[in-house]
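Source file: upload.pdb; contents: PDB, C-alpha atoms and all ligand atoms.
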```pdb
ATOM      1  CA  MET A 165     -11.675 -15.985  -5.163
ATOM      2  CA  LEU A 166     -10.005 -13.799  -2.619
ATOM      3  CA  ASP A 167      -9.751 -10.170  -3.675
ATOM      4  CA  TRP A 168      -6.229  -8.780  -3.483
ATOM      5  CA  ALA A 169      -4.892 -12.193  -2.439
ATOM      6  CA  GLY A 170      -6.828 -11.968   0.818
ATOM      7  CA  PHE A 171      -5.735  -8.475   1.838
ATOM      8  CA  VAL A 172      -8.304  -5.761   2.558
ATOM      9  CA  ALA A 173      -6.817  -3.404  -0.031
ATOM     10  CA  ALA A 174      -3.782  -3.001  -2.254
ATOM     11  CA  ALA A 175      -1.292  -0.194  -2.837
ATOM     12  CA  THR A 176       1.340   0.320  -5.498
ATOM     13  CA  TYR A 177       3.950   3.041  -5.184
ATOM     14  CA  THR A 178       5.348   4.124  -8.511
ATOM     15  CA  PHE A 179       8.220   6.457  -9.378
ATOM     16  CA  ASP A 180       8.527   8.053 -12.785
ATOM     17  CA  ASP A 181      11.251   9.584 -14.925
ATOM     18  CA  ALA A 182      14.411   8.126 -13.277
ATOM     19  CA  ASN A 183      15.010  11.409 -11.439
ATOM     20  CA  PRO A 184      18.198  12.032  -9.408
ATOM     21  CA  SER A 185      16.423  12.146  -6.023
ATOM     22  CA  GLN A 186      15.054   8.636  -6.550
ATOM     23  CA  ILE A 187      18.598   7.407  -7.022
ATOM     24  CA  ALA A 188      19.992   9.473  -4.138
ATOM     25  CA  ASN A 189      17.310   8.131  -1.789
ATOM     26  CA  TYR A 190      17.294   4.569  -3.073
ATOM     27  CA  ASP A 191      18.775   3.112   0.110
ATOM     28  CA  ALA A 192      16.119   4.775   2.248
ATOM     29  CA  LEU A 193      13.383   3.508  -0.082
ATOM     30  CA  GLN A 194      14.852   0.019  -0.119
ATOM     31  CA  GLY A 195      15.009   0.179   3.678
ATOM     32  CA  LEU A 196      11.213   0.257   3.782
ATOM     33  CA  GLY A 197      11.242  -3.409   2.774
ATOM     34  CA  VAL A 198       8.428  -3.184   0.243
ATOM     35  CA  PRO A 199       8.603  -3.449  -3.553
ATOM     36  CA  PHE A 200       8.219  -0.385  -5.757
ATOM     37  CA  THR A 201       7.728   0.182  -9.461
ATOM     38  CA  PHE A 202      10.180   2.473 -11.206
ATOM     39  CA  TYR A 203       9.090   3.738 -14.617
ATOM     40  CA  LEU A 204      12.231   4.707 -16.473
ATOM     41  CA  TRP A 205      12.352   7.565 -18.968
ATOM     42  CA  THR A 206      15.234   5.993 -20.734
ATOM     43  CA  ASN A 207      17.041   8.826 -22.499
ATOM     44  CA  ARG A 208      17.446  10.602 -19.171
ATOM     45  CA  PRO A 209      20.969  10.359 -17.686
ATOM     46  CA  GLY A 210      19.542   8.740 -14.541
ATOM     47  CA  ALA A 211      18.187   5.799 -16.512
ATOM     48  CA  SER A 212      21.705   4.448 -17.083
ATOM     49  CA  ASN A 213      22.490   4.434 -13.383
ATOM     50  CA  ASP A 214      23.549   1.088 -11.919
ATOM     51  CA  ILE A 215      21.005   1.592  -9.164
ATOM     52  CA  TRP A 216      18.351   0.063 -11.420
ATOM     53  CA  SER A 217      20.288  -3.205 -11.602
ATOM     54  CA  ARG A 218      20.203  -3.230  -7.831
ATOM     55  CA  ALA A 219      16.513  -2.448  -7.899
ATOM     56  CA  VAL A 220      15.908  -5.554 -10.028
ATOM     57  CA  THR A 221      17.993  -7.667  -7.660
ATOM     58  CA  ASP A 222      16.123  -6.204  -4.696
ATOM     59  CA  GLY A 223      12.773  -7.280  -6.149
ATOM     60  CA  HIS A 224      11.496  -3.980  -7.476
ATOM     61  CA  GLU A 225       9.842  -3.650 -10.856
ATOM     62  CA  LEU A 226      11.270  -1.698 -13.760
ATOM     63  CA  GLY A 227       8.605  -0.446 -16.112
ATOM     64  CA  ASN A 228       8.730   1.383 -19.399
ATOM     65  CA  HIS A 229       8.065   5.118 -19.407
ATOM     66  CA  THR A 230       9.329   5.385 -23.003
ATOM     67  CA  GLN A 231      12.613   6.690 -24.354
ATOM     68  CA  SER A 232      11.755  10.359 -24.906
ATOM     69  CA  HIS A 233       8.559  11.032 -22.939
ATOM     70  CA  LEU A 234       6.742  12.397 -25.967
ATOM     71  CA  GLN A 235       3.485  14.254 -26.027
ATOM     72  CA  GLY A 236       0.465  12.343 -27.154
ATOM     73  CA  THR A 237       0.321  14.079 -30.512
ATOM     74  CA  SER A 238       3.756  12.989 -31.724
ATOM     75  CA  ALA A 239       3.782  10.587 -34.615
ATOM     76  CA  ASN A 240       6.372   8.106 -33.432
ATOM     77  CA  LEU A 241       4.990   7.112 -30.053
ATOM     78  CA  ALA A 242       5.173   3.390 -30.773
ATOM     79  CA  GLU A 243       8.813   3.554 -31.877
ATOM     80  CA  ASP A 244       9.670   5.608 -28.814
ATOM     81  CA  THR A 245       7.916   3.121 -26.562
ATOM     82  CA  ASP A 246       9.829   0.243 -28.141
ATOM     83  CA  ALA A 247      13.102   2.144 -27.773
ATOM     84  CA  GLY A 248      12.433   2.495 -24.043
ATOM     85  CA  GLU A 249      11.728  -1.221 -23.783
ATOM     86  CA  LEU A 250      14.897  -2.108 -25.673
ATOM     87  CA  PHE A 251      16.915   0.065 -23.300
ATOM     88  CA  ILE A 252      15.513  -1.656 -20.228
ATOM     89  CA  GLN A 253      16.083  -5.113 -21.661
ATOM     90  CA  SER A 254      19.600  -4.430 -22.859
ATOM     91  CA  HIS A 255      20.767  -2.562 -19.739
ATOM     92  CA  PHE A 256      19.039  -4.480 -16.982
ATOM     93  CA  GLY A 257      18.271  -7.875 -18.503
ATOM     94  CA  VAL A 258      14.552  -7.792 -17.761
ATOM     95  CA  ALA A 259      11.508  -7.281 -19.933
ATOM     96  CA  ALA A 260       8.915  -4.830 -18.688
ATOM     97  CA  TYR A 261       5.388  -6.163 -18.294
ATOM     98  CA  THR A 262       3.908  -2.773 -17.533
ATOM     99  CA  MET A 263       4.340   0.715 -18.920
ATOM    100  CA  ALA A 264       3.328   4.183 -17.816
ATOM    101  CA  ALA A 265       2.068   6.472 -20.542
ATOM    102  CA  PRO A 266       3.905   9.816 -20.507
ATOM    103  CA  TYR A 267       1.448  12.472 -19.257
ATOM    104  CA  GLY A 268      -1.044   9.620 -18.959
ATOM    105  CA  ALA A 269      -1.782  10.319 -22.627
ATOM    106  CA  SER A 270      -4.557   8.181 -24.074
ATOM    107  CA  GLN A 271      -2.672   7.792 -27.371
ATOM    108  CA  TYR A 272      -0.531   5.174 -25.637
ATOM    109  CA  ILE A 273      -3.450   2.867 -24.902
ATOM    110  CA  ASP A 274      -3.395   1.180 -28.322
ATOM    111  CA  ILE A 275       0.386   0.919 -28.224
ATOM    112  CA  ALA A 276       0.363  -0.676 -24.784
ATOM    113  CA  SER A 277      -2.423  -3.091 -25.623
ATOM    114  CA  THR A 278      -0.213  -5.086 -28.004
ATOM    115  CA  ARG A 279       2.862  -4.949 -25.774
ATOM    116  CA  TYR A 280       2.030  -4.840 -22.078
ATOM    117  CA  LEU A 281      -0.120  -6.388 -19.400
ATOM    118  CA  ILE A 282      -0.856  -2.989 -17.904
ATOM    119  CA  ASN A 283      -0.606   0.633 -18.908
ATOM    120  CA  ARG A 284      -0.662   3.084 -16.042
ATOM    121  CA  SER A 285      -2.479   6.331 -16.747
ATOM    122  CA  ILE A 286      -3.415   9.171 -14.414
ATOM    123  CA  GLY A 287      -6.569   9.724 -12.429
ATOM    124  CA  ASP A 288      -8.086   9.875  -8.995
ATOM    125  CA  THR A 289     -10.209   6.751  -9.193
ATOM    126  CA  MET A 290      -9.253   3.471  -7.578
ATOM    127  CA  VAL A 291      -9.415  -0.039  -8.957
ATOM    128  CA  LEU A 292     -12.080  -2.405  -7.703
ATOM    129  CA  THR A 293     -11.898  -6.134  -8.292
ATOM    130  CA  ASN A 294     -15.222  -6.150 -10.112
ATOM    131  CA  GLY A 295     -14.954  -2.597 -11.392
ATOM    132  CA  ALA A 296     -14.789  -1.327 -14.930
ATOM    133  CA  THR A 297     -11.155  -0.206 -14.953
ATOM    134  CA  ASP A 298      -9.391  -1.002 -18.215
ATOM    135  CA  ARG A 299      -5.995  -2.614 -17.627
ATOM    136  CA  MET A 300      -4.702  -0.385 -20.422
ATOM    137  CA  SER A 301      -5.608   2.667 -18.353
ATOM    138  CA  VAL A 302      -4.956   1.987 -14.678
ATOM    139  CA  PRO A 303      -5.297   5.277 -12.784
ATOM    140  CA  THR A 304      -2.695   6.649 -10.414
ATOM    141  CA  PHE A 305      -2.904   9.370  -7.811
ATOM    142  CA  ILE A 306      -0.285  12.146  -7.945
ATOM    143  CA  PRO A 307       0.076  13.957  -4.615
ATOM    144  CA  PRO A 308       0.486  17.730  -4.916
ATOM    145  CA  GLU A 309       3.900  19.342  -4.496
ATOM    146  CA  GLY A 310       5.009  19.227  -0.874
ATOM    147  CA  ALA A 311       2.218  16.841   0.113
ATOM    148  CA  LEU A 312       2.451  15.518   3.639
ATOM    149  CA  ALA A 313       2.293  11.939   4.804
ATOM    150  CA  THR A 314      -1.267  12.602   5.948
ATOM    151  CA  ASP A 315      -2.252  13.505   2.379
ATOM    152  CA  LEU A 316      -0.952  10.154   1.151
ATOM    153  CA  ASN A 317      -2.420   8.348   4.140
ATOM    154  CA  ARG A 318      -5.908   9.569   3.253
ATOM    155  CA  ARG A 319      -5.559   7.760  -0.021
ATOM    156  CA  ILE A 320      -4.673   4.534   1.789
ATOM    157  CA  ASP A 321      -7.585   4.998   4.192
ATOM    158  CA  ALA A 322      -9.949   5.381   1.249
ATOM    159  CA  ALA A 323      -8.567   2.247  -0.421
ATOM    160  CA  ARG A 324      -9.143   0.267   2.781
ATOM    161  CA  GLU A 325     -12.690   1.591   3.097
ATOM    162  CA  LYS A 326     -13.479   0.651  -0.496
ATOM    163  CA  GLY A 327     -11.527  -2.597  -0.627
ATOM    164  CA  ALA A 328      -9.712  -1.093  -3.594
ATOM    165  CA  TRP A 329      -6.303  -0.983  -5.223
ATOM    166  CA  THR A 330      -4.723   2.439  -5.376
ATOM    167  CA  SER A 331      -1.539   3.377  -7.078
ATOM    168  CA  LEU A 332       0.402   6.483  -6.202
ATOM    169  CA  LEU A 333       2.917   8.316  -8.348
ATOM    170  CA  VAL A 334       5.871  10.257  -7.002
ATOM    171  CA  HIS A 335       8.391  11.865  -9.343
ATOM    172  CA  GLY A 336      11.009  12.678  -6.761
ATOM    173  CA  PHE A 337      11.834  14.440  -3.542
ATOM    174  CA  THR A 338      12.174  18.020  -2.352
ATOM    175  CA  GLY A 339      15.278  19.708  -3.729
ATOM    176  CA  ASP A 340      15.265  17.741  -6.974
ATOM    177  CA  GLY A 341      14.896  20.323  -9.725
ATOM    178  CA  SER A 342      14.149  17.616 -12.307
ATOM    179  CA  ALA A 343      11.196  16.195 -10.433
ATOM    180  CA  TYR A 344       7.609  17.213 -11.113
ATOM    181  CA  LEU A 345       5.661  17.900  -7.890
ATOM    182  CA  PRO A 346       8.346  16.702  -5.446
ATOM    183  CA  ILE A 347       7.483  15.819  -1.870
ATOM    184  CA  ASP A 348       9.684  15.423   1.196
ATOM    185  CA  VAL A 349      11.281  12.008   1.363
ATOM    186  CA  SER A 350      10.538  11.858   5.092
ATOM    187  CA  GLU A 351       6.829  12.359   4.413
ATOM    188  CA  PHE A 352       6.858   9.629   1.785
ATOM    189  CA  ILE A 353       8.618   7.226   4.129
ATOM    190  CA  ALA A 354       6.213   8.049   6.959
ATOM    191  CA  SER A 355       3.269   7.257   4.719
ATOM    192  CA  VAL A 356       4.644   3.915   3.568
ATOM    193  CA  GLU A 357       5.228   3.033   7.219
ATOM    194  CA  TYR A 358       1.612   4.023   7.902
ATOM    195  CA  THR A 359       0.420   1.675   5.158
ATOM    196  CA  LYS A 360       2.647  -1.157   6.359
ATOM    197  CA  ALA A 361       1.404  -0.802   9.932
ATOM    198  CA  PHE A 362      -2.133  -1.859   8.996
ATOM    199  CA  GLY A 363      -0.866  -5.284   8.031
ATOM    200  CA  ASP A 364      -3.904  -5.767   5.807
ATOM    201  CA  VAL A 365      -2.814  -3.720   2.803
ATOM    202  CA  TRP A 366      -0.971  -5.557   0.052
ATOM    203  CA  ILE A 367       1.917  -3.311  -0.965
ATOM    204  CA  GLY A 368       3.109  -4.624  -4.293
ATOM    205  CA  THR A 369       4.418  -3.620  -7.681
ATOM    206  CA  MET A 370       2.151  -2.683 -10.547
ATOM    207  CA  LEU A 371       3.004  -6.084 -12.030
ATOM    208  CA  ASP A 372       2.379  -8.174  -8.910
ATOM    209  CA  ILE A 373      -0.943  -6.657  -7.989
ATOM    210  CA  GLY A 374      -1.944  -6.097 -11.604
ATOM    211  CA  ALA A 375      -1.299  -9.721 -12.549
ATOM    212  CA  TYR A 376      -3.415 -10.887  -9.621
ATOM    213  CA  TRP A 377      -6.219  -8.494 -10.547
ATOM    214  CA  VAL A 378      -6.143  -9.480 -14.233
ATOM    215  CA  GLY A 379      -5.756 -13.158 -13.361
ATOM    216  CA  GLN A 380      -8.769 -13.049 -11.081
ATOM    217  CA  LYS A 381     -10.830 -11.435 -13.824
ATOM    218  CA  VAL A 382      -9.725 -14.082 -16.330
ATOM    219  CA  VAL A 383     -10.740 -16.906 -13.994
ATOM    220  CA  ARG A 384     -13.996 -15.172 -13.098
ATOM    221  CA  GLU A 385     -14.862 -14.988 -16.789
ATOM    222  CA  ALA A 386     -13.648 -18.526 -17.537
ATOM    223  CA  THR A 387     -15.783 -20.890 -19.565
ATOM    224  CA  SER A 388     -17.378 -23.526 -17.374
ATOM    225  CA  GLN A 389     -18.337 -27.032 -18.394
ATOM    226  CA  ARG A 390     -20.378 -29.404 -16.275
ATOM    227  CA  GLN A 391     -20.140 -33.149 -16.447
ATOM    228  CA  GLY A 392     -22.408 -34.746 -13.899
ATOM    229  CA  SER A 393     -21.552 -33.052 -10.637
ATOM    230  CA  THR A 394     -18.076 -32.024 -11.790
ATOM    231  CA  THR A 395     -17.397 -28.528 -13.099
ATOM    232  CA  THR A 396     -14.327 -27.521 -15.054
ATOM    233  CA  TRP A 397     -13.413 -23.917 -15.779
ATOM    234  CA  SER A 398     -11.015 -23.065 -18.606
ATOM    235  CA  TRP A 399      -9.305 -19.808 -19.441
ATOM    236  CA  THR A 400      -6.651 -18.247 -21.622
ATOM    237  CA  LEU A 401      -4.296 -15.638 -20.235
ATOM    238  CA  PRO A 402      -3.687 -12.410 -22.125
ATOM    239  CA  GLU A 403      -0.338 -11.774 -23.790
ATOM    240  CA  PRO A 404       2.015 -10.924 -22.275
ATOM    241  CA  PHE A 405       1.389 -12.443 -18.859
ATOM    242  CA  PRO A 406       4.104 -13.287 -16.315
ATOM    243  CA  PRO A 407       4.624 -17.002 -15.547
ATOM    244  CA  ASN A 408       4.005 -18.735 -12.220
ATOM    245  CA  ARG A 409       1.170 -16.495 -11.055
ATOM    246  CA  ARG A 410      -1.632 -17.746  -8.821
ATOM    247  CA  VAL A 411      -4.980 -16.624  -7.515
ATOM    248  CA  ARG A 412      -6.309 -17.667  -4.131
ATOM    249  CA  VAL A 413      -9.683 -19.331  -3.813
ATOM    250  CA  THR A 414     -11.854 -20.960  -1.199
ATOM    251  CA  VAL A 415     -14.630 -23.524  -1.631
ATOM    252  CA  THR A 416     -17.423 -24.650   0.647
ATOM    253  CA  GLY A 417     -16.889 -28.286  -0.221
ATOM    254  CA  GLY A 418     -15.591 -30.748  -2.797
ATOM    255  CA  THR A 419     -12.161 -31.280  -4.282
ATOM    256  CA  LEU A 420     -10.358 -28.753  -6.442
ATOM    257  CA  SER A 421      -7.828 -30.022  -8.937
ATOM    258  CA  GLN A 422      -5.717 -28.818 -11.813
ATOM    259  CA  GLY A 423      -4.395 -31.154 -14.479
ATOM    260  CA  GLY A 424      -5.733 -34.121 -12.500
ATOM    261  CA  ILE A 425      -3.785 -33.204  -9.370
ATOM    262  CA  PRO A 426      -5.756 -32.143  -6.270
ATOM    263  CA  LEU A 427      -4.816 -28.759  -4.870
ATOM    264  CA  THR A 428      -3.543 -28.689  -1.316
ATOM    265  CA  TRP A 429      -5.211 -26.451   1.231
ATOM    266  CA  ASP A 430      -2.971 -23.656   2.428
ATOM    267  CA  GLU A 431      -3.149 -23.304   6.187
ATOM    268  CA  HIS A 432      -3.602 -19.539   5.760
ATOM    269  CA  GLY A 433      -7.073 -20.277   4.496
ATOM    270  CA  TYR A 434      -7.158 -20.777   0.738
ATOM    271  CA  TYR A 435      -6.191 -22.861  -2.267
ATOM    272  CA  GLU A 436      -3.737 -21.400  -4.740
ATOM    273  CA  VAL A 437      -4.792 -21.838  -8.349
ATOM    274  CA  SER A 438      -2.052 -21.786 -10.980
ATOM    275  CA  LEU A 439      -2.991 -19.403 -13.759
ATOM    276  CA  ASP A 440      -0.521 -21.039 -16.156
ATOM    277  CA  LEU A 441      -2.409 -24.344 -16.101
ATOM    278  CA  GLY A 442      -5.455 -22.720 -17.683
ATOM    279  CA  SER A 443      -8.140 -24.857 -16.071
ATOM    280  CA  LEU A 444      -9.609 -25.807 -12.720
ATOM    281  CA  THR A 445     -11.934 -28.645 -11.769
ATOM    282  CA  LEU A 446     -14.297 -28.932  -8.825
ATOM    283  CA  ALA A 447     -15.571 -32.418  -8.046
ATOM    284  CA  PRO A 448     -17.709 -33.524  -5.111
TER
HETATM  285 ZN    ZN B   1       6.932  11.067 -16.722
END
```

Same coordinates, now as structure tokens:
Amino acid sequence: MLDWAGFVAAATYTFDDANPSQIANYDALQGLGVPFTFYLWTNRPGASNDIWSRAVTDGHELGNHTQSHLQGTSANLAEDTDAGELFIQSHFGVAAYTMAAPYGASQYIDIASTRYLINRSIGDTMVLTNGATDRMSVPTFIPPEGALATDLNRRIDAAREKGAWTSLLVHGFTGDGSAYLPIDVSEFIASVEYTKAFGDVWIGTMLDIGAYWVGQKVVREATSQRQGSTTTWSWTLPEPFPPNRRVRVTVTGGTLSQGGIPLTWDEHGYYEVSLDLGSLTLAP
């Protein structure tokens, strides 16, 4: 299986809290031509902004950052998480597959595990394909206030060296009094351009890259059954899991098929395996 869909590394840019400077700079962000993940804190005024409908149309991900952004010791964290989800669904017509725990609090792990594919937490580590990262606690790097493009670029360099997936979290841009640790929008844009210029870094949403990463793990851990010289692997996807997702694989010989239908070789150098179909067969 190809790690990160065949890219050297992967990067996810996330924005939290629905802050005003994210909305004010949306056109500049959209102009970068890469998908972002916006984690909405839904009882904030900015969460009701129509910009998030546009973001959905433009191919960005909306994720749940809860209704009230409660501390980890509050009693009603699950209700508050569900209220955030309801807001997103009723206002923007999409269900979130990923959430971001307020403050990265570990109390949200259990809540997320019955509701989401991925819970983003906080931390400096990166995700490796075969690493031990729990999908209910995917770390994200928060640049310090006023960080420069070079500070963000170092993170991308490290991901490329390690063949890892890094996520980055920005709350907003300089001048935005609501944003925690703001950075200059020009520095952010310069860093995304830096990442794009490599051409070998998959820049995708938490959902897109996360579903590939989880899907690859599911297939890797699939049950295999041999019959003569034919091997069939079977798997079950976790709930929830987005439909129509694929992982890319190569083989040294033989015929790969799913549901009795041979897979066709993609000229870019791989077969695409449908995760929905739940099984894969290799025959000589
Ligand atoms: Zn937050």

- Selected residue, from A:Glu225, A:Asp288, A:Asp180, A:Glu309, that lies nearest to ligand ZN 1 (chain B) when counting only C-alpha atoms and all ligand atoms: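 Among the listed residues, A:Asp180 lies closest to ligand ZN 1 (chain B).
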
- Could you expand the PyMOL selection byres (((chain A and resi 217) around 12) and not hetatm) into the explicit residues it covers here, written as JSON, numbers by chain? {"A": [187, 190, 202, 211, 212, 213, 214, 215, 216, 218, 219, 220, 221, 222, 223, 224, 225, 226, 252, 253, 254, 255, 256, 257, 258]}

- Message: With all atoms listed in the file as the counted atoms, please give the residues lying no more than 9 Å from range 313-316 of chain A, apart from itself and same-chain residues fewer than 5 positions off, as a ChimeraX atom specification.
- Response: /A:307-308,321,332,348,350-356,358

- Item | Contacts of Ala182 in chain A at 8 Å (all atoms listed in the file; same-chain gap of 6+ positions) as a ChimeraX atom specification | /A:202-206,208,210-211

- Item | Cut-off 9 Å, all atoms listed in the file, neighbours of ligand ZN 1 (chain B) as a list in words |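 Residues satisfying the distance criterion: Phe179, Asp180, Asp181, Ala182, Tyr203, Leu204, Trp205, His229, Thr230, His233, Ala264, Ala265, Pro266, Tyr267, Gly268, His335 and Tyr344 of chain A.
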
Expansion of the PyMOL selection byres (((chain A and resi 177) around 9) and not hetatm) into residues, as a PDB file with C-alpha atoms, keeping the file's coordinate frame:
```pdb
ATOM      1  CA  ALA A 175      -1.292  -0.194  -2.837  1.00  0.00           C
ATOM      2  CA  THR A 176       1.340   0.320  -5.498  1.00  0.00           C
ATOM      3  CA  THR A 178       5.348   4.124  -8.511  1.00  0.00           C
ATOM      4  CA  PHE A 179       8.220   6.457  -9.378  1.00  0.00           C
ATOM      5  CA  PRO A 199       8.603  -3.449  -3.553  1.00  0.00           C
ATOM      6  CA  PHE A 200       8.219  -0.385  -5.757  1.00  0.00           C
ATOM      7  CA  THR A 201       7.728   0.182  -9.461  1.00  0.00           C
ATOM      8  CA  PHE A 202      10.180   2.473 -11.206  1.00  0.00           C
ATOM      9  CA  THR A 330      -4.723   2.439  -5.376  1.00  0.00           C
ATOM     10  CA  SER A 331      -1.539   3.377  -7.078  1.00  0.00           C
ATOM     11  CA  LEU A 332       0.402   6.483  -6.202  1.00  0.00           C
ATOM     12  CA  LEU A 333       2.917   8.316  -8.348  1.00  0.00           C
ATOM     13  CA  VAL A 334       5.871  10.257  -7.002  1.00  0.00           C
ATOM     14  CA  VAL A 356       4.644   3.915   3.568  1.00  0.00           C
ATOM     15  CA  ILE A 367       1.917  -3.311  -0.965  1.00  0.00           C
ATOM     16  CA  GLY A 368       3.109  -4.624  -4.293  1.00  0.00           C
ATOM     17  CA  THR A 369       4.418  -3.620  -7.681  1.00  0.00           C
ATOM     18  CA  MET A 370       2.151  -2.683 -10.547  1.00  0.00           C
TER      19      MET A 370
END
```

Starting from 4 Å padding per side, set up an axis-aligned box that covers all listed atoms of range 293-304 of chain A and hand over centre and edge lengths in Å, one decimal, as JSON.
```
{"center_x": -9.0, "center_y": 0.2, "center_z": -14.4, "size_x": 20.5, "size_y": 20.8, "size_z": 20.1}
```
